[in-house]
Amino acid sequence: MKNLKIISHPVVEHNLSIMRDKNTGQVDFKNSLDRISYILAAETYASSGLESKTVNTPFKKIEGSKIKDRIIILPILRAGLGLTRGFIDLYPEAVTSHIGIYRDEESLKPVKYYFRFPKLKDKANVHVIIIDPMIATGGSVNFTIEYLLNMGIKKISVASLLCAPEGINAINNRFNRSEKKSIEIITCSLDEKLNEKGYIVPGLGDAGDRMFGT
Ligand code: PRP
Ligand code: URA
């Protein structure tokens, strides 16, 4: 899958194994997620455009670079909040917006309860990065992508910790049919499958509950 980037990095693999362990407590779970968020952010920012910028070093003038995209990071509440740290630290100029969505426990369909986004007169160079640790059925991410496309946002990436093939297929079937309009998905692992309750297997359980101690 051309639009799916799976990160392979020892820091990710080490910390993801801590998070997957059912005996890992809230503090270690959250600390590992924070560490992984830096690697995930660096990989996601790699697809942002650069423009040149003149820099005066103490010795001479050179052509340097700066990130061209106007980045808006959009965590899906709640669990997306736990993955924002690396994104904010690596690029503090980014705007942080929020969308609140939970999955209905019976239907597994997304239910939106909050949305806060800047009013944009000019959408040129806007790059929205949706952040959610888990892509299970893909319903929450698909809902968010649809919402952004309806607002006229053209460049959208998705950064996640774990995904199920079912969720990736759902996103690709809905949005990535044409070569031209592709939404990039960056993840740390493509797991095996969903279970009958819509949880990712092997997965790590309920990400929101484990990071917030609920
Ligand atoms: C979890 C997770 C994703 C969603 C993924 O949220 O954080 O947002 O499920 O599932 P999907 O791909 O099938 O939509 P949850 O509904 O548990 O809410 P929470 O983040 O508030 O815990
Ligand atoms: N949401 C989670 O937190 N975990 C899963 O495995 C699936 C959805």
# chains A, B, ... in the order shown; residues from 1 in each chain; ligands from 1

$ residues_around --residues "segment 181-190 of chain A" --least-positions-apart "2" --cutoff "9 Å" --atoms "only C-alpha atoms" --output "number ranges by chain"
A: 2-9, 12-13, 16, 36, 40, 43-44, 47, 133, 145, 154-165, 168, 171-172, 175-179, 192-193

$ select_by_dssp --residues "segment 39-186 of chain A" --states "strand (DSSP E)" --output "compact mmCIF listing (two decimals) with N, CA and C atoms, in the first residue's frame"
# COMPACT_ATOMS: atom_id res chain seq x y z
N LEU A 50 9.26 21.92 2.22
CA LEU A 50 10.24 22.88 2.76
C LEU A 50 10.35 24.05 1.80
N GLU A 51 10.66 25.21 2.32
CA GLU A 51 11.02 26.33 1.44
C GLU A 51 12.34 26.89 1.91
N SER A 52 13.02 27.59 0.99
CA SER A 52 14.34 28.07 1.40
C SER A 52 14.23 29.37 2.17
N LYS A 53 15.21 29.60 2.97
CA LYS A 53 15.22 30.76 3.86
C LYS A 53 16.68 31.17 4.03
N THR A 54 16.94 32.45 3.92
CA THR A 54 18.31 32.91 4.09
C THR A 54 18.65 32.96 5.57
N VAL A 55 19.81 32.41 5.90
CA VAL A 55 20.24 32.39 7.31
C VAL A 55 21.62 33.04 7.40
N ASN A 56 21.77 33.94 8.36
CA ASN A 56 23.09 34.53 8.59
C ASN A 56 23.74 33.79 9.75
N LYS A 61 26.44 34.18 5.05
CA LYS A 61 25.02 34.03 4.69
C LYS A 61 24.86 32.72 3.91
N ILE A 62 23.88 31.89 4.31
CA ILE A 62 23.65 30.64 3.57
C ILE A 62 22.16 30.48 3.27
N GLU A 63 21.86 29.55 2.37
CA GLU A 63 20.46 29.20 2.10
C GLU A 63 20.07 28.06 3.03
N GLY A 64 19.20 28.34 3.98
CA GLY A 64 18.69 27.31 4.88
C GLY A 64 17.28 26.93 4.44
N SER A 65 16.54 26.27 5.33
CA SER A 65 15.18 25.82 5.00
C SER A 65 14.23 26.08 6.15
N LYS A 66 12.96 26.17 5.79
CA LYS A 66 11.93 26.17 6.83
C LYS A 66 10.72 25.38 6.33
N ILE A 67 9.95 24.87 7.25
CA ILE A 67 8.77 24.10 6.85
C ILE A 67 7.77 25.04 6.19
N ARG A 70 1.53 25.03 6.50
CA ARG A 70 0.95 25.56 7.75
C ARG A 70 0.31 24.34 8.43
N ILE A 71 1.00 23.85 9.45
CA ILE A 71 0.58 22.58 10.04
C ILE A 71 -0.46 22.77 11.13
N ILE A 72 -1.52 21.98 11.01
CA ILE A 72 -2.54 21.94 12.07
C ILE A 72 -2.58 20.50 12.55
N ILE A 73 -2.26 20.29 13.83
CA ILE A 73 -2.37 18.93 14.34
C ILE A 73 -3.75 18.78 14.97
N LEU A 74 -4.36 17.65 14.67
CA LEU A 74 -5.77 17.45 15.08
C LEU A 74 -5.91 16.12 15.80
N PRO A 75 -5.65 16.09 17.13
CA PRO A 75 -5.87 14.84 17.86
C PRO A 75 -7.36 14.52 17.96
N ILE A 76 -7.67 13.23 17.82
CA ILE A 76 -9.05 12.79 18.07
C ILE A 76 -9.15 12.46 19.55
N LEU A 77 -9.96 13.23 20.27
CA LEU A 77 -10.15 13.01 21.72
C LEU A 77 -10.88 11.69 21.92
N VAL A 95 -0.47 24.74 14.79
CA VAL A 95 -1.71 25.01 15.53
C VAL A 95 -2.24 23.67 16.02
N THR A 96 -2.72 23.63 17.26
CA THR A 96 -3.36 22.39 17.73
C THR A 96 -4.87 22.60 17.79
N HIS A 98 -8.83 20.41 17.90
CA HIS A 98 -9.33 19.19 18.55
C HIS A 98 -10.65 18.73 17.94
N ILE A 99 -10.78 17.42 17.82
CA ILE A 99 -12.09 16.85 17.49
C ILE A 99 -12.38 15.76 18.51
N GLY A 100 -13.58 15.75 19.06
CA GLY A 100 -13.96 14.73 20.04
C GLY A 100 -14.87 13.72 19.37
N ILE A 101 -14.44 12.45 19.38
CA ILE A 101 -15.25 11.38 18.78
C ILE A 101 -15.11 10.15 19.68
N TYR A 102 -16.23 9.49 19.96
CA TYR A 102 -16.11 8.17 20.59
C TYR A 102 -16.87 7.16 19.74
N ARG A 103 -16.50 5.88 19.91
CA ARG A 103 -17.18 4.83 19.17
C ARG A 103 -18.36 4.36 20.00
N PRO A 110 -18.78 6.04 14.72
CA PRO A 110 -18.25 7.21 15.42
C PRO A 110 -19.34 8.20 15.80
N VAL A 111 -19.21 8.78 17.01
CA VAL A 111 -20.14 9.81 17.47
C VAL A 111 -19.31 11.04 17.78
N LYS A 112 -19.57 12.14 17.07
CA LYS A 112 -18.78 13.35 17.28
C LYS A 112 -19.41 14.18 18.39
N TYR A 113 -18.59 14.69 19.33
CA TYR A 113 -19.16 15.53 20.39
C TYR A 113 -18.44 16.86 20.54
N TYR A 114 -17.36 17.10 19.76
CA TYR A 114 -16.62 18.36 19.93
C TYR A 114 -15.81 18.64 18.67
N PHE A 115 -15.71 19.91 18.31
CA PHE A 115 -14.83 20.29 17.20
C PHE A 115 -14.39 21.72 17.37
N ARG A 116 -13.12 21.96 17.35
CA ARG A 116 -12.57 23.31 17.49
C ARG A 116 -11.43 23.44 16.47
N VAL A 126 -2.07 24.51 3.76
CA VAL A 126 -2.50 23.95 5.06
C VAL A 126 -2.35 22.42 5.01
N HIS A 127 -1.71 21.88 6.02
CA HIS A 127 -1.51 20.43 6.12
C HIS A 127 -2.06 19.99 7.48
N VAL A 128 -3.16 19.24 7.46
CA VAL A 128 -3.75 18.80 8.72
C VAL A 128 -3.26 17.38 9.02
N ILE A 129 -2.75 17.20 10.22
CA ILE A 129 -2.28 15.87 10.65
C ILE A 129 -3.26 15.36 11.72
N ILE A 130 -4.02 14.35 11.34
CA ILE A 130 -4.96 13.73 12.29
C ILE A 130 -4.16 12.77 13.16
N ILE A 131 -4.37 12.86 14.47
CA ILE A 131 -3.59 12.01 15.39
C ILE A 131 -4.53 11.14 16.21
N MET A 134 -5.15 4.66 17.69
CA MET A 134 -5.71 3.40 17.22
C MET A 134 -6.59 3.61 15.98
N ILE A 135 -6.32 2.86 14.92
CA ILE A 135 -7.24 2.81 13.78
C ILE A 135 -7.79 1.39 13.74
N LYS A 155 -4.70 18.88 2.01
CA LYS A 155 -3.58 18.00 2.40
C LYS A 155 -3.83 17.46 3.82
N ILE A 156 -4.03 16.15 3.89
CA ILE A 156 -4.35 15.51 5.17
C ILE A 156 -3.45 14.29 5.34
N SER A 157 -2.85 14.15 6.53
CA SER A 157 -2.12 12.93 6.87
C SER A 157 -2.74 12.36 8.15
N VAL A 158 -2.52 11.09 8.36
CA VAL A 158 -3.01 10.44 9.58
C VAL A 158 -1.81 9.80 10.28
N ALA A 159 -1.63 10.11 11.57
CA ALA A 159 -0.54 9.51 12.33
C ALA A 159 -1.15 8.63 13.42
N SER A 160 -0.74 7.36 13.45
CA SER A 160 -1.32 6.47 14.46
C SER A 160 -0.27 5.51 14.99
N LEU A 161 -0.59 4.93 16.13
CA LEU A 161 0.34 3.97 16.74
C LEU A 161 0.11 2.58 16.15
N LEU A 162 -1.12 2.11 16.21
CA LEU A 162 -1.46 0.78 15.71
C LEU A 162 -2.65 0.85 14.77
N CYS A 163 -2.64 0.02 13.74
CA CYS A 163 -3.86 -0.09 12.95
C CYS A 163 -4.17 -1.52 12.59
N GLU A 184 -2.02 10.13 3.29
CA GLU A 184 -0.91 9.34 3.81
C GLU A 184 -1.22 8.88 5.24
N ILE A 185 -0.94 7.62 5.53
CA ILE A 185 -1.14 7.09 6.88
C ILE A 185 0.23 6.63 7.39
N ILE A 186 0.61 7.15 8.55
CA ILE A 186 1.90 6.77 9.13
C ILE A 186 1.58 6.03 10.44

$ residues_around --residues "Thr24 of chain A" --least-positions-apart "3" --cutoff "12 Å" --atoms "only C-alpha atoms" --output "list in words"
Asn15, Leu16, Ser17, Ile18, Met19, Arg20, Asp21, Val27, Asp28, Phe29, Lys30, Asn31, Ser32, Leu204, Gly205, Arg210, Met211 and Gly213 of chain A

$ write_last_selection --atoms "all heavy atoms" --output "short mmCIF file (atom, residue, chain, number, x, y, z; two decimals), in the first residue's frame"
data_model
loop_
_atom_site.label_atom_id
_atom_site.label_comp_id
_atom_site.auth_asym_id
_atom_site.auth_seq_id
_atom_site.Cartn_x
_atom_site.Cartn_y
_atom_site.Cartn_z
N ASN A 15 9.44 0.52 22.95
CA ASN A 15 8.36 1.14 23.73
C ASN A 15 6.99 0.56 23.42
O ASN A 15 6.13 0.47 24.30
CB ASN A 15 8.37 2.66 23.53
CG ASN A 15 9.48 3.30 24.33
OD1 ASN A 15 9.39 3.44 25.55
ND2 ASN A 15 10.59 3.64 23.66
N LEU A 16 6.81 0.14 22.17
CA LEU A 16 5.53 -0.47 21.82
C LEU A 16 5.36 -1.81 22.56
O LEU A 16 4.25 -2.15 22.99
CB LEU A 16 5.47 -0.67 20.29
CG LEU A 16 4.14 -1.10 19.70
CD1 LEU A 16 2.98 -0.23 20.18
CD2 LEU A 16 4.20 -1.07 18.17
N SER A 17 6.45 -2.53 22.75
CA SER A 17 6.36 -3.80 23.49
C SER A 17 5.96 -3.54 24.93
O SER A 17 5.20 -4.31 25.53
CB SER A 17 7.69 -4.55 23.44
OG SER A 17 8.00 -4.84 22.11
N ILE A 18 6.45 -2.43 25.51
CA ILE A 18 6.05 -2.08 26.88
C ILE A 18 4.55 -1.78 26.90
O ILE A 18 3.80 -2.23 27.76
CB ILE A 18 6.85 -0.85 27.37
CG1 ILE A 18 8.33 -1.21 27.52
CG2 ILE A 18 6.27 -0.28 28.68
CD1 ILE A 18 9.25 -0.04 27.83
N MET A 19 4.09 -1.05 25.90
CA MET A 19 2.67 -0.66 25.87
C MET A 19 1.74 -1.84 25.63
O MET A 19 0.63 -1.89 26.13
CB MET A 19 2.45 0.38 24.78
CG MET A 19 3.18 1.67 25.02
SD MET A 19 2.82 2.88 23.77
CE MET A 19 1.14 3.30 24.22
N ARG A 20 2.21 -2.81 24.85
CA ARG A 20 1.35 -3.97 24.55
C ARG A 20 1.18 -4.88 25.76
O ARG A 20 0.19 -5.61 25.87
CB ARG A 20 1.95 -4.78 23.41
CG ARG A 20 1.84 -4.14 22.02
CD ARG A 20 2.29 -5.17 21.01
NE ARG A 20 2.49 -4.71 19.66
CZ ARG A 20 1.52 -4.59 18.75
NH1 ARG A 20 0.27 -4.84 19.09
NH2 ARG A 20 1.80 -4.24 17.51
N ASP A 21 2.16 -4.87 26.66
CA ASP A 21 2.13 -5.77 27.83
C ASP A 21 0.96 -5.41 28.73
O ASP A 21 0.86 -4.27 29.21
CB ASP A 21 3.47 -5.59 28.58
CG ASP A 21 3.63 -6.59 29.71
OD1 ASP A 21 2.60 -7.10 30.22
OD2 ASP A 21 4.78 -6.85 30.10
N VAL A 27 1.49 4.84 34.21
CA VAL A 27 2.62 5.76 34.08
C VAL A 27 3.58 5.28 32.99
O VAL A 27 3.97 6.05 32.09
CB VAL A 27 3.36 5.91 35.44
CG1 VAL A 27 4.62 6.72 35.28
CG2 VAL A 27 2.43 6.55 36.45
N ASP A 28 3.93 3.99 33.01
CA ASP A 28 4.86 3.48 31.99
C ASP A 28 4.21 3.48 30.61
O ASP A 28 4.88 3.71 29.59
CB ASP A 28 5.32 2.06 32.36
CG ASP A 28 6.23 2.10 33.58
OD1 ASP A 28 6.90 3.12 33.79
OD2 ASP A 28 6.24 1.11 34.34
N PHE A 29 2.93 3.22 30.57
CA PHE A 29 2.20 3.24 29.30
C PHE A 29 2.30 4.63 28.67
O PHE A 29 2.66 4.80 27.51
CB PHE A 29 0.73 2.86 29.56
CG PHE A 29 -0.10 2.67 28.31
CD1 PHE A 29 -0.19 1.42 27.70
CD2 PHE A 29 -0.80 3.74 27.76
CE1 PHE A 29 -0.96 1.25 26.56
CE2 PHE A 29 -1.57 3.57 26.62
CZ PHE A 29 -1.66 2.31 26.02
N LYS A 30 2.01 5.65 29.48
CA LYS A 30 2.01 7.03 29.00
C LYS A 30 3.43 7.49 28.63
O LYS A 30 3.61 8.15 27.60
CB LYS A 30 1.39 7.91 30.10
CG LYS A 30 1.23 9.36 29.75
CD LYS A 30 0.18 9.54 28.67
CE LYS A 30 0.06 10.97 28.20
NZ LYS A 30 1.28 11.50 27.60
N ASN A 31 4.42 7.12 29.43
CA ASN A 31 5.80 7.51 29.12
C ASN A 31 6.27 6.90 27.80
O ASN A 31 6.93 7.56 27.00
CB ASN A 31 6.75 7.09 30.24
CG ASN A 31 6.61 8.00 31.46
OD1 ASN A 31 6.08 9.10 31.35
ND2 ASN A 31 7.04 7.53 32.62
N SER A 32 5.91 5.64 27.57
CA SER A 32 6.31 4.99 26.31
C SER A 32 5.64 5.66 25.13
O SER A 32 6.25 5.87 24.08
CB SER A 32 5.95 3.51 26.34
OG SER A 32 6.83 2.84 27.19
N LEU A 204 -3.28 -3.55 22.06
CA LEU A 204 -2.84 -3.20 23.43
C LEU A 204 -4.02 -2.94 24.34
O LEU A 204 -3.87 -2.44 25.44
CB LEU A 204 -1.89 -2.00 23.40
CG LEU A 204 -2.28 -0.74 22.60
CD1 LEU A 204 -3.37 0.05 23.26
CD2 LEU A 204 -1.05 0.13 22.39
N GLY A 205 -5.23 -3.27 23.86
CA GLY A 205 -6.44 -3.02 24.66
C GLY A 205 -7.01 -1.66 24.34
O GLY A 205 -6.84 -1.15 23.24
N ARG A 210 -6.28 2.96 29.16
CA ARG A 210 -4.97 2.66 29.73
C ARG A 210 -4.17 3.94 29.97
O ARG A 210 -3.45 4.05 30.96
CB ARG A 210 -4.20 1.69 28.83
CG ARG A 210 -4.85 0.31 28.83
CD ARG A 210 -3.96 -0.73 28.21
NE ARG A 210 -2.75 -0.99 29.00
CZ ARG A 210 -1.77 -1.79 28.60
NH1 ARG A 210 -1.86 -2.41 27.44
NH2 ARG A 210 -0.71 -1.97 29.37
N MET A 211 -4.29 4.94 29.11
CA MET A 211 -3.47 6.16 29.33
C MET A 211 -4.09 7.09 30.35
O MET A 211 -3.39 7.83 31.02
CB MET A 211 -3.18 6.88 28.01
CG MET A 211 -4.31 7.63 27.39
SD MET A 211 -3.80 8.46 25.86
CE MET A 211 -3.64 7.10 24.75
N GLY A 213 -6.27 5.98 32.81
CA GLY A 213 -6.54 5.27 34.06
C GLY A 213 -8.02 5.09 34.35
O GLY A 213 -8.41 4.92 35.51
#

$ select_by_dssp --residues "segment 24-154 of chain A" --states "helix (DSSP H, G or I)" --output "PyMOL selection string"
chain A and resi 26-45+79-83+85-90+139-150

$ closest_residue --among "A:Ile88, A:Ala207, A:Ala170, A:Ala41" --to "ligand 1" --atoms "only C-alpha atoms and all ligand atoms"
A:Ala207

$ atom_distance --atom1 "atom CA of Pro202 of chain A" --atom2 "atom CA of Tyr38 of chain A"
23.4 Å

$ residues_near_ligand --ligand "ligand 2" --cutoff "6 Å" --atoms "only C-alpha atoms and all ligand atoms" --output "ChimeraX atom specification"
/A:134,136,198-200,203,205-208

$ write_last_selection --atoms "C-alpha atoms" --output "PDB file, in the first residue's frame"
ATOM      1  CA  MET A 134      -5.715   3.399  17.216  1.00  0.00           C
ATOM      2  CA  ALA A 136      -9.604  -0.129  14.292  1.00  0.00           C
ATOM      3  CA  GLY A 198     -13.848  -4.276  17.308  1.00  0.00           C
ATOM      4  CA  TYR A 199     -10.568  -4.337  19.269  1.00  0.00           C
ATOM      5  CA  ILE A 200      -7.231  -4.592  17.484  1.00  0.00           C
ATOM      6  CA  GLY A 203      -3.175  -4.671  19.966  1.00  0.00           C
ATOM      7  CA  GLY A 205      -6.438  -3.022  24.662  1.00  0.00           C
ATOM      8  CA  ASP A 206      -8.298   0.239  25.123  1.00  0.00           C
ATOM      9  CA  ALA A 207      -5.756   3.009  24.574  1.00  0.00           C
ATOM     10  CA  GLY A 208      -7.844   5.774  26.191  1.00  0.00           C
TER      11      GLY A 208
END

$ closest_residue --among "A:Asp132, A:Asp89, A:Asp122, A:Glu106" --to "ligand 1" --atoms "only C-alpha atoms and all ligand atoms"
A:Asp132

$ residues_around --residues "Asp34 of chain A" --least-positions-apart "6" --cutoff "8 Å" --atoms "only C-alpha atoms" --output "mmCIF file with all heavy atoms, in the first residue's frame"
data_model
loop_
_atom_site.group_PDB
_atom_site.id
_atom_site.type_symbol
_atom_site.label_atom_id
_atom_site.label_comp_id
_atom_site.auth_asym_id
_atom_site.auth_seq_id
_atom_site.Cartn_x
_atom_site.Cartn_y
_atom_site.Cartn_z
ATOM 1 N N GLY A 82 -2.944 11.772 23.938
ATOM 2 C CA GLY A 82 -1.749 11.111 24.479
ATOM 3 C C GLY A 82 -0.608 11.023 23.484
ATOM 4 O O GLY A 82 0.510 10.680 23.847
ATOM 5 N N LEU A 83 -0.885 11.326 22.234
ATOM 6 C CA LEU A 83 0.145 11.195 21.198
ATOM 7 C C LEU A 83 0.623 12.549 20.701
ATOM 8 O O LEU A 83 1.401 12.623 19.750
ATOM 9 C CB LEU A 83 -0.468 10.376 20.045
ATOM 10 C CG LEU A 83 0.387 9.581 19.077
ATOM 11 C CD1 LEU A 83 1.451 8.776 19.769
ATOM 12 C CD2 LEU A 83 -0.504 8.668 18.250
ATOM 13 N N THR A 84 0.208 13.622 21.342
ATOM 14 C CA THR A 84 0.510 14.955 20.777
ATOM 15 C C THR A 84 1.889 15.497 21.171
ATOM 16 O O THR A 84 2.400 16.386 20.503
ATOM 17 C CB THR A 84 -0.527 16.005 21.232
ATOM 18 O OG1 THR A 84 -0.618 15.969 22.642
ATOM 19 C CG2 THR A 84 -1.877 15.764 20.611
ATOM 20 N N ARG A 85 2.465 14.987 22.229
ATOM 21 C CA ARG A 85 3.647 15.640 22.787
ATOM 22 C C ARG A 85 4.783 15.835 21.783
ATOM 23 O O ARG A 85 5.311 16.937 21.620
ATOM 24 C CB ARG A 85 4.145 14.839 23.996
ATOM 25 C CG ARG A 85 5.313 15.501 24.633
ATOM 26 C CD ARG A 85 5.372 15.205 26.081
ATOM 27 N NE ARG A 85 6.651 15.590 26.588
ATOM 28 C CZ ARG A 85 7.135 15.177 27.735
ATOM 29 N NH1 ARG A 85 6.424 14.359 28.485
ATOM 30 N NH2 ARG A 85 8.304 15.565 28.146
ATOM 31 N N GLY A 86 5.165 14.776 21.075
ATOM 32 C CA GLY A 86 6.250 14.870 20.103
ATOM 33 C C GLY A 86 5.909 15.847 18.991
ATOM 34 O O GLY A 86 6.772 16.594 18.520
#

$ closest_residue --among "A:Ser97, A:Ala42, A:Glu166, A:Leu81" --to "Leu148 of chain A" --atoms "only C-alpha atoms"
A:Ser97

$ closest_residue --among "A:Leu108, A:Ala124, A:Ile39, A:Val11" --to "ligand 1" --atoms "only C-alpha atoms and all ligand atoms"
A:Leu108

$ closest_residue --among "A:Thr137, A:Thr57, A:Asn173, A:Ser48" --to "Tyr91 of chain A" --atoms "only C-alpha atoms"
A:Ser48

$ atom_distance --atom1 "atom CA of Lys109 of chain A" --atom2 "atom CA of Thr214 of chain A"
21.3 Å
